[in-house]
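Okay, query06.csv now, which holds CSV, C-alpha atoms:
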```csv
chain,number,residue,atom,x,y,z
T,1,MET,CA,122.8,118.8,76.0
T,2,LYS,CA,122.7,121.0,73.0
T,3,ILE,CA,120.7,119.9,70.1
T,4,ALA,CA,120.4,122.2,67.1
T,5,ILE,CA,117.7,121.0,64.8
T,6,VAL,CA,116.4,122.6,61.7
T,7,PHE,CA,112.9,121.3,61.2
T,8,LEU,CA,111.3,121.4,57.8
T,9,ALA,CA,107.6,121.3,58.0
T,10,ALA,CA,106.2,119.4,55.2
T,11,THR,CA,103.0,117.9,54.0
T,12,LEU,CA,103.2,114.3,54.8
T,13,GLY,CA,101.5,111.3,53.3
T,14,CYS,CA,99.4,108.8,55.0
T,15,GLY,CA,100.2,105.5,56.6
T,16,TRP,CA,100.7,104.0,60.0
T,17,ALA,CA,103.2,101.5,61.2
T,18,GLN,CA,104.5,100.1,64.4
T,19,ASP,CA,106.7,102.3,66.5
T,20,ILE,CA,110.5,102.0,66.5
T,21,LYS,CA,112.2,99.9,69.1
T,22,MET,CA,115.4,100.9,70.8
T,23,PRO,CA,118.0,98.3,69.7
T,24,VAL,CA,119.6,96.1,72.3
T,25,GLY,CA,122.9,97.2,71.0
T,26,LEU,CA,122.4,100.7,72.4
T,27,GLU,CA,122.5,99.2,75.8
T,28,LYS,CA,126.1,98.3,75.2
T,29,LEU,CA,126.9,101.9,74.6
T,30,SER,CA,126.0,102.7,78.2
T,31,GLU,CA,128.8,100.5,79.3
T,32,LYS,CA,131.3,102.6,77.4
T,33,ALA,CA,129.7,105.9,78.3
T,34,GLU,CA,130.8,108.1,81.1
T,35,ASN,CA,127.2,109.0,81.8
T,36,SER,CA,124.1,107.7,80.3
T,37,VAL,CA,120.5,108.8,81.0
T,38,ASP,CA,117.3,107.0,79.9
T,39,VAL,CA,114.0,108.7,80.3
T,40,THR,CA,110.9,106.8,79.5
T,41,LEU,CA,107.3,107.9,79.7
T,42,ASP,CA,105.0,105.2,78.6
T,43,GLY,CA,101.5,105.6,77.3
T,44,ALA,CA,99.8,105.1,80.6
T,45,LEU,CA,101.8,107.8,82.3
T,46,LEU,CA,101.2,110.2,79.5
T,47,GLN,CA,97.5,109.6,79.4
T,48,LEU,CA,97.5,110.1,83.1
T,49,ALA,CA,99.3,113.3,82.9
T,50,GLY,CA,96.8,114.5,80.3
T,51,LYS,CA,93.9,113.8,82.7
T,52,PHE,CA,95.4,115.7,85.6
T,53,LEU,CA,96.8,118.7,83.7
T,54,SER,CA,94.4,121.6,84.1
T,55,GLY,CA,92.8,123.1,81.0
T,56,LYS,CA,92.5,126.4,82.8
T,57,ASP,CA,96.1,127.2,83.6
T,58,ALA,CA,97.8,128.4,80.4
T,59,ASP,CA,101.0,126.4,80.7
T,60,GLU,CA,99.2,123.3,81.8
T,61,ALA,CA,96.7,123.6,79.0
T,62,LYS,CA,99.5,123.9,76.5
T,63,ALA,CA,101.2,120.8,77.9
T,64,LYS,CA,97.9,119.0,77.9
T,65,LYS,CA,97.4,119.7,74.3
T,66,LEU,CA,100.9,118.6,73.5
T,67,ILE,CA,100.6,115.2,75.0
T,68,ALA,CA,97.1,114.5,74.0
T,69,GLY,CA,98.0,112.4,71.1
T,70,LEU,CA,101.3,111.0,72.3
T,71,LYS,CA,101.8,107.3,73.1
T,72,SER,CA,105.3,107.3,74.5
T,73,ILE,CA,108.4,109.3,74.9
T,74,ALA,CA,111.8,107.8,75.2
T,75,VAL,CA,115.1,109.6,75.5
T,76,ARG,CA,118.5,107.9,75.5
T,77,SER,CA,121.6,110.0,76.0
T,78,PHE,CA,125.2,109.0,76.3
T,79,GLU,CA,128.2,111.1,77.2
T,80,PHE,CA,131.6,109.6,76.3
T,81,GLY,CA,135.0,110.3,77.8
T,82,LYS,CA,136.7,110.4,74.5
T,83,GLU,CA,135.9,110.5,70.8
T,84,GLY,CA,135.4,107.3,68.8
T,85,GLU,CA,133.7,105.4,71.6
T,86,TYR,CA,130.8,104.7,69.2
T,87,ASN,CA,130.4,104.6,65.5
T,88,ALA,CA,127.8,104.5,62.8
T,89,ALA,CA,127.4,100.8,63.1
T,90,ASP,CA,126.0,101.2,66.6
T,91,LEU,CA,123.1,103.1,65.1
T,92,GLN,CA,122.5,100.9,62.2
T,93,ALA,CA,119.8,98.8,63.8
T,94,LEU,CA,118.0,102.0,64.7
T,95,ARG,CA,118.3,103.7,61.3
T,96,ALA,CA,117.1,100.5,59.6
T,97,GLN,CA,113.7,101.0,61.3
T,98,LEU,CA,113.5,104.5,60.0
T,99,GLN,CA,112.9,103.8,56.4
T,100,PRO,CA,110.4,105.1,53.8
T,101,PRO,CA,107.6,105.1,53.2
T,102,VAL,CA,106.7,105.0,56.8
T,103,TRP,CA,109.4,107.3,58.0
T,104,SER,CA,110.8,110.4,56.2
T,105,ARG,CA,114.2,111.7,57.0
T,106,ILE,CA,113.4,115.4,57.1
T,107,VAL,CA,116.6,116.9,58.3
T,108,GLY,CA,120.1,115.7,58.0
T,109,VAL,CA,122.7,118.2,59.4
T,110,THR,CA,126.3,117.2,59.1
T,111,SER,CA,129.0,119.4,60.4
T,112,LYS,CA,132.4,118.4,58.9
T,113,GLN,CA,134.3,120.5,61.3
T,114,GLY,CA,132.6,119.8,64.6
T,115,GLY,CA,131.6,116.3,63.8
T,116,ASP,CA,128.0,117.1,64.9
T,117,ASN,CA,125.3,115.3,63.1
T,118,VAL,CA,121.6,115.6,63.6
T,119,ASP,CA,119.0,113.6,61.8
T,120,VAL,CA,115.3,114.1,62.3
T,121,TYR,CA,112.9,111.5,61.1
T,122,LEU,CA,109.2,111.9,61.0
T,123,LYS,CA,106.6,109.2,60.8
T,124,ASN,CA,103.8,109.8,58.4
T,125,GLY,CA,100.6,110.5,60.2
T,126,GLU,CA,97.0,111.3,59.3
T,127,GLY,CA,96.6,114.4,57.2
T,128,ALA,CA,99.1,117.1,58.2
T,129,GLN,CA,99.7,115.4,61.5
T,130,ILE,CA,103.0,113.7,62.4
T,131,GLY,CA,102.7,110.1,63.6
T,132,GLY,CA,106.0,110.1,65.4
T,133,LEU,CA,109.4,111.7,65.7
T,134,THR,CA,112.9,110.3,66.1
T,135,VAL,CA,115.9,112.5,66.6
T,136,ILE,CA,119.4,111.2,66.4
T,137,ALA,CA,121.9,113.8,67.6
T,138,ALA,CA,125.4,112.5,67.3
T,139,GLU,CA,128.4,114.5,68.5
T,140,PRO,CA,131.9,113.1,68.8
T,141,LYS,CA,131.5,112.6,72.6
T,142,GLU,CA,127.8,112.7,72.9
T,143,LEU,CA,124.9,110.8,71.5
T,144,THR,CA,121.2,111.5,72.1
T,145,ILE,CA,118.3,109.7,70.7
T,146,VAL,CA,114.8,111.0,71.2
T,147,SER,CA,111.8,108.9,70.2
T,148,ILE,CA,108.3,110.2,70.4
T,149,SER,CA,105.4,108.0,69.4
T,150,GLY,CA,102.0,109.3,68.7
T,151,THR,CA,100.3,112.1,66.9
T,152,ILE,CA,101.6,115.6,67.1
T,153,SER,CA,101.2,118.7,65.0
T,154,PRO,CA,104.3,120.3,63.5
T,155,GLU,CA,103.7,123.5,65.3
T,156,ASP,CA,103.8,121.8,68.7
T,157,LEU,CA,107.1,120.0,68.1
T,158,ALA,CA,109.2,122.8,69.4
T,159,GLU,CA,107.1,123.1,72.5
T,160,LEU,CA,107.9,119.6,73.6
T,161,GLY,CA,111.6,120.5,74.1
T,162,GLY,CA,112.5,120.9,77.7
T,163,GLN,CA,109.5,119.0,78.9
T,164,PHE,CA,109.0,115.3,79.8
T,165,GLY,CA,112.7,114.7,79.7
T,166,ILE,CA,113.1,115.8,76.1
T,167,PRO,CA,116.1,118.0,75.5
T,168,LYS,CA,115.4,121.5,74.2
T,169,LEU,CA,114.7,121.4,70.5
T,170,ASN,CA,115.7,124.5,68.5
T,171,VAL,CA,113.1,124.0,65.9
T,172,GLN,CA,112.6,126.3,62.9
T,173,GLN,CA,110.0,125.8,60.4
T,174,LYS,CA,111.0,126.0,56.7
T,175,LYS,CA,109.3,125.7,53.5
T,176,PRO,CA,108.3,122.3,52.2
T,177,ASP,CA,110.5,122.5,49.1
T,178,GLN,CA,113.5,122.4,51.4
T,179,LYS,CA,112.5,118.9,52.4
T,180,LYS,CA,115.8,117.2,51.5
T,181,GLY,CA,118.6,116.9,54.0
T,182,LYS,CA,121.1,119.7,54.0
T,183,GLU,CA,124.7,119.8,54.7
T,184,GLU,CA,126.7,122.4,56.7
T,185,GLU,CA,130.4,122.9,56.5
N,186,MET,CA,99.9,112.1,122.8
N,187,ARG,CA,98.3,108.7,122.5
N,188,LEU,CA,96.5,109.9,119.4
N,189,LEU,CA,99.9,111.0,117.9
N,190,ALA,CA,101.4,107.6,118.8
N,191,LEU,CA,98.5,105.8,117.1
N,192,PHE,CA,98.8,108.0,114.1
N,193,LEU,CA,102.5,107.4,113.8
N,194,ALA,CA,102.0,103.7,114.2
N,195,ALA,CA,99.3,103.7,111.5
N,196,SER,CA,101.5,105.6,109.2
N,197,ALA,CA,104.5,103.3,109.7
N,198,ALA,CA,102.3,100.3,109.2
N,199,ALA,CA,100.8,101.7,106.0
N,200,PHE,CA,104.2,102.5,104.5
N,201,GLY,CA,105.7,99.3,105.8
N,202,ALA,CA,103.1,97.4,104.0
N,203,ASP,CA,103.9,98.9,100.7
N,204,ARG,CA,104.8,96.0,98.4
N,205,ASP,CA,106.7,97.9,95.8
N,206,PHE,CA,109.1,99.5,98.3
N,207,ASP,CA,109.5,96.3,100.2
N,208,ARG,CA,110.2,94.3,97.1
N,209,LEU,CA,113.0,96.7,96.1
N,210,VAL,CA,114.4,96.7,99.6
N,211,LYS,CA,114.5,92.9,99.7
N,212,ALA,CA,116.0,92.7,96.3
N,213,VAL,CA,118.9,95.0,97.4
N,214,GLU,CA,119.4,93.1,100.6
N,215,SER,CA,119.5,89.9,98.7
N,216,HIS,CA,121.8,91.2,96.0
N,217,PHE,CA,124.4,92.7,98.3
N,218,GLY,CA,123.9,90.4,101.3
N,219,VAL,CA,123.3,93.3,103.6
N,220,GLN,CA,120.5,94.6,105.9
N,221,ARG,CA,119.0,98.0,105.7
N,222,THR,CA,120.3,100.4,108.3
N,223,HIS,CA,117.9,101.3,111.1
N,224,ILE,CA,117.0,104.9,111.0
N,225,PRO,CA,115.7,106.2,114.3
N,226,PHE,CA,112.7,108.5,114.3
N,227,LEU,CA,111.8,107.8,110.7
N,228,GLY,CA,108.1,107.5,111.6
N,229,THR,CA,108.2,110.9,113.4
N,230,ALA,CA,109.9,112.5,110.4
N,231,ASN,CA,107.1,111.2,108.3
N,232,PHE,CA,104.6,113.0,110.5
N,233,PHE,CA,106.5,116.3,110.0
N,234,VAL,CA,106.7,115.6,106.3
N,235,LYS,CA,103.0,116.3,106.1
N,236,THR,CA,103.5,119.9,107.0
N,237,ALA,CA,107.0,120.6,105.8
N,238,ARG,CA,107.2,118.9,102.4
N,239,PRO,CA,106.3,120.4,99.0
N,240,GLU,CA,102.7,120.5,98.0
N,241,GLY,CA,101.4,117.2,97.0
N,242,VAL,CA,103.9,115.1,98.9
N,243,SER,CA,102.3,113.3,101.8
N,244,GLY,CA,104.9,111.0,103.1
N,245,PHE,CA,107.9,108.9,102.4
N,246,ASP,CA,109.8,105.8,103.3
N,247,LEU,CA,113.5,105.4,103.3
N,248,ALA,CA,115.9,102.5,103.3
N,249,VAL,CA,119.6,103.1,103.6
N,250,PHE,CA,122.1,100.3,103.1
N,251,GLU,CA,125.6,101.1,104.3
N,252,ASN,CA,128.8,99.2,103.7
N,253,ILE,CA,127.7,97.5,100.6
N,254,ARG,CA,130.5,96.3,98.5
N,255,PRO,CA,131.7,99.0,96.2
N,256,LEU,CA,130.3,98.6,92.7
N,257,ALA,CA,132.7,98.2,89.8
N,258,TRP,CA,131.5,99.7,86.5
N,259,GLU,CA,131.2,96.1,85.2
N,260,ASP,CA,128.6,95.4,87.9
N,261,GLY,CA,126.1,97.7,86.3
N,262,GLN,CA,124.6,95.1,84.1
N,263,ALA,CA,123.9,92.8,87.1
N,264,LEU,CA,122.4,95.8,88.9
N,265,ASP,CA,120.2,96.6,85.9
N,266,SER,CA,119.0,93.1,85.9
N,267,MET,CA,118.3,93.0,89.6
N,268,MET,CA,116.4,96.3,89.4
N,269,ALA,CA,114.4,95.2,86.4
N,270,GLY,CA,113.2,92.1,88.2
N,271,ALA,CA,112.5,93.9,91.4
N,272,SER,CA,110.6,96.8,89.7
N,273,ALA,CA,108.1,94.6,87.8
N,274,GLY,CA,104.7,96.3,87.7
N,275,LEU,CA,106.2,99.8,88.2
N,276,HIS,CA,106.6,102.4,85.5
N,277,PRO,CA,110.3,103.0,84.8
N,278,LEU,CA,110.8,106.7,84.4
N,279,VAL,CA,114.5,107.6,84.6
N,280,ARG,CA,117.7,105.6,84.7
N,281,VAL,CA,121.0,107.4,85.2
N,282,ARG,CA,124.4,105.6,85.0
N,283,SER,CA,127.5,107.6,85.8
N,284,ARG,CA,130.8,105.9,85.3
N,285,ARG,CA,132.5,109.1,86.4
N,286,ASP,CA,130.8,109.1,89.8
N,287,ARG,CA,130.2,105.3,90.0
N,288,GLU,CA,126.6,106.1,90.6
N,289,TRP,CA,123.4,104.4,89.4
N,290,THR,CA,120.0,106.0,89.9
N,291,TYR,CA,116.7,104.4,89.0
N,292,ILE,CA,113.3,106.2,89.3
N,293,TYR,CA,110.0,104.5,89.0
N,294,THR,CA,106.4,105.5,89.6
N,295,GLY,CA,103.9,103.2,91.2
N,296,ASP,CA,100.3,102.4,90.4
N,297,THR,CA,98.1,105.4,89.9
N,298,GLY,CA,94.9,106.4,91.5
N,299,LYS,CA,94.0,109.3,93.8
N,300,SER,CA,97.6,109.3,94.8
N,301,THR,CA,100.7,107.4,93.8
N,302,SER,CA,104.3,106.9,94.7
N,303,MET,CA,107.7,107.6,93.2
N,304,LEU,CA,110.5,105.2,94.0
N,305,ILE,CA,114.1,106.3,93.7
N,306,ALA,CA,117.0,103.9,94.1
N,307,THR,CA,120.5,105.2,94.2
N,308,PHE,CA,123.7,103.2,94.4
N,309,GLU,CA,126.9,105.1,95.0
N,310,GLY,CA,130.2,104.0,96.6
N,311,HIS,CA,129.5,102.0,99.7
N,312,GLN,CA,125.9,103.1,100.1
N,313,ALA,CA,122.6,102.4,98.5
N,314,THR,CA,119.4,104.2,99.2
N,315,ILE,CA,115.8,103.5,98.3
N,316,VAL,CA,113.2,106.3,98.8
N,317,GLU,CA,109.5,106.0,98.3
N,318,VAL,CA,107.7,109.3,98.1
N,319,ARG,CA,104.0,109.4,98.4
N,320,LEU,CA,102.5,112.1,96.3
N,321,SER,CA,99.3,113.3,94.8
N,322,MET,CA,98.5,112.8,91.1
N,323,ASP,CA,99.0,116.6,90.5
N,324,ALA,CA,102.5,116.4,92.0
N,325,LEU,CA,103.3,113.3,89.9
N,326,VAL,CA,102.2,115.1,86.7
N,327,LYS,CA,104.4,118.0,87.6
N,328,ALA,CA,107.3,115.6,88.2
N,329,LEU,CA,106.7,114.0,84.9
N,330,GLN,CA,107.3,117.3,83.2
N,331,GLU,CA,110.8,117.4,84.6
N,332,PRO,CA,111.5,113.8,85.6
N,333,ARG,CA,115.2,114.1,86.3
N,334,ARG,CA,114.9,117.1,88.5
N,335,ALA,CA,112.0,115.7,90.4
N,336,GLY,CA,113.9,112.5,91.1
N,337,ARG,CA,116.8,114.5,92.5
N,338,GLU,CA,114.6,116.7,94.7
N,339,PHE,CA,112.4,114.0,96.1
N,340,GLY,CA,115.3,111.7,96.7
N,341,ARG,CA,117.5,114.2,98.5
N,342,GLY,CA,114.7,115.6,100.4
N,343,ALA,CA,113.6,112.3,101.8
N,344,GLU,CA,117.2,111.3,102.7
N,345,ARG,CA,117.6,114.6,104.5
N,346,ASP,CA,114.4,114.2,106.5
N,347,GLY,CA,115.2,110.6,107.3
N,348,SER,CA,118.7,111.3,108.6
N,349,ASP,CA,117.8,114.3,110.8
N,350,GLU,CA,115.9,114.1,114.0
N,351,PRO,CA,112.9,116.3,113.8
```

So that I can check it, write out the structure of this file as structure tokens.
Amino acid sequence: MKIAIVFLAATLGCGWAQDIKMPVGLEKLSEKAENSVDVTLDGALLQLAGKFLSGKDADEAKAKKLIAGLKSIAVRSFEFGKEGEYNAADLQALRAQLQPPVWSRIVGVTSKQGGDNVDVYLKNGEGAQIGGLTVIAAEPKELTIVSISGTISPEDLAELGGQFGIPKLNVQQKKPDQKKGKEEE
Amino acid sequence: MRLLALFLAASAAAFGADRDFDRLVKAVESHFGVQRTHIPFLGTANFFVKTARPEGVSGFDLAVFENIRPLAWEDGQALDSMMAGASAGLHPLVRVRSRRDREWTYIYTGDTGKSTSMLIATFEGHQATIVEVRLSMDALVKALQEPRRAGREFGRGAERDGSDEP
């Protein structure tokens, strides 16, 4: 599952709020989808993983650092047999939770030709930390939602891709003044 | 020889007493109105698992249900409900639903301590399989890093071991 994300590192404000909930309506999409995959790592499992990952092994130490502040990871992905099996309304309940001031839509990539849309929302955390991350990657025949709850530094975001069921994230850091969503052709 | 027999009996008793696995098995039996298929030499296979399986895996249990009624795609919701009820207390890890292959896979992890278990339930065509893999916490942590791959590996590995005579 290919997700291209341009991540704009920005200085974020303060504030905490409850985590997002996957809308019940998303469940109905799995009935239409050819394939659907749910990956859930709850807080207990993540904490546990953190305890047992070695701080001496370089890879494990990196993973340990990554998940240290995380509360949960949820990935929902759907592959559809044809285009038009889902629409914007199916995501409305999810997007309604991702509103300012708690959430900031950092990236909005819209491809008019390919129909690929990627939205990245960050939850404001303490200081320069991120309090959570939600990615909505919508392609004509594919929909992926990644929800990460907990504290994570911007630098570590890219490292999470490919681990714990999270698709690979092609993250590039840009300057804060490019914070607004951008549009591709 | 007697020692081996005692050991195998103890292993079988320990695994047989596992409540999570039994609960899932009973739920499938009740849902489909079938009994699990007897697998000869499963206990012996378990003994060999201790030396032949990947690091951190100490044993498994396996229940195969043959000749279940083939599932229509619309049955998925009822299957989800059944599995949700039967898996209470477990940590849901992965759920895969494939309309293309008419296959449903559910992966859970059990309670954690010095060791834990991973339970994998697969429904495909006329067959359902439930696998419980006993593994160390280190092995679980590695599995968490790539949950889908781990589910496939453990599930298939245990099915293979259970179906072959050692």

Can you check which residues of chain N have any atom within 9 Å of chain T? Use all atoms listed in the file and format it as a PDB file with C-alpha atoms, keeping the file's coordinate frame.
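As written to disk, out.pdb reads:
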```pdb
ATOM      1  CA  TRP N 258     131.500  99.700  86.500  1.00  0.00           C
ATOM      2  CA  GLU N 259     131.200  96.100  85.200  1.00  0.00           C
ATOM      3  CA  GLY N 261     126.100  97.700  86.300  1.00  0.00           C
ATOM      4  CA  GLN N 262     124.600  95.100  84.100  1.00  0.00           C
ATOM      5  CA  HIS N 276     106.600 102.400  85.500  1.00  0.00           C
ATOM      6  CA  PRO N 277     110.300 103.000  84.800  1.00  0.00           C
ATOM      7  CA  LEU N 278     110.800 106.700  84.400  1.00  0.00           C
ATOM      8  CA  VAL N 279     114.500 107.600  84.600  1.00  0.00           C
ATOM      9  CA  ARG N 280     117.700 105.600  84.700  1.00  0.00           C
ATOM     10  CA  VAL N 281     121.000 107.400  85.200  1.00  0.00           C
ATOM     11  CA  ARG N 282     124.400 105.600  85.000  1.00  0.00           C
ATOM     12  CA  SER N 283     127.500 107.600  85.800  1.00  0.00           C
ATOM     13  CA  ARG N 284     130.800 105.900  85.300  1.00  0.00           C
ATOM     14  CA  ARG N 285     132.500 109.100  86.400  1.00  0.00           C
ATOM     15  CA  ASP N 286     130.800 109.100  89.800  1.00  0.00           C
ATOM     16  CA  THR N 294     106.400 105.500  89.600  1.00  0.00           C
ATOM     17  CA  THR N 297      98.100 105.400  89.900  1.00  0.00           C
ATOM     18  CA  MET N 322      98.500 112.800  91.100  1.00  0.00           C
ATOM     19  CA  ASP N 323      99.000 116.600  90.500  1.00  0.00           C
ATOM     20  CA  LEU N 325     103.300 113.300  89.900  1.00  0.00           C
ATOM     21  CA  VAL N 326     102.200 115.100  86.700  1.00  0.00           C
ATOM     22  CA  LYS N 327     104.400 118.000  87.600  1.00  0.00           C
ATOM     23  CA  ALA N 328     107.300 115.600  88.200  1.00  0.00           C
ATOM     24  CA  LEU N 329     106.700 114.000  84.900  1.00  0.00           C
ATOM     25  CA  GLN N 330     107.300 117.300  83.200  1.00  0.00           C
ATOM     26  CA  GLU N 331     110.800 117.400  84.600  1.00  0.00           C
ATOM     27  CA  PRO N 332     111.500 113.800  85.600  1.00  0.00           C
ATOM     28  CA  ARG N 333     115.200 114.100  86.300  1.00  0.00           C
TER      29      ARG N 333
END
```

Give as a PyMOL selection string the set of residues within 9 Å of the point (123.0, 101.7, 91.2), where distances use the file's coordinates and only C-alpha atoms.
chain N and resi 256+261+264-265+268+281-282+287-291+306-309+313

Compare T:Ile152, T:Val102, T:Gly161, T:Glu85 by their minimum atom-to-atom distance to T:Lys123, counting all atoms listed in the file, and give me the closest one.
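Answer, going by the shortest atom-to-atom distance: T:Val102.
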
Figure out the distance between atom CA of T:Thr144 and atom CA of T:Gly132, please, to one decimal in Å.
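Straight-line distance from atom CA of T:Gly132 to atom CA of T:Thr144 works out to 16.7 Å.
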
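Here the question is which of T:Lys141, T:Tyr86, T:Pro100, T:Val146 gets nearest to T:Asp119 using only C-alpha atoms, and that residue is T:Val146.
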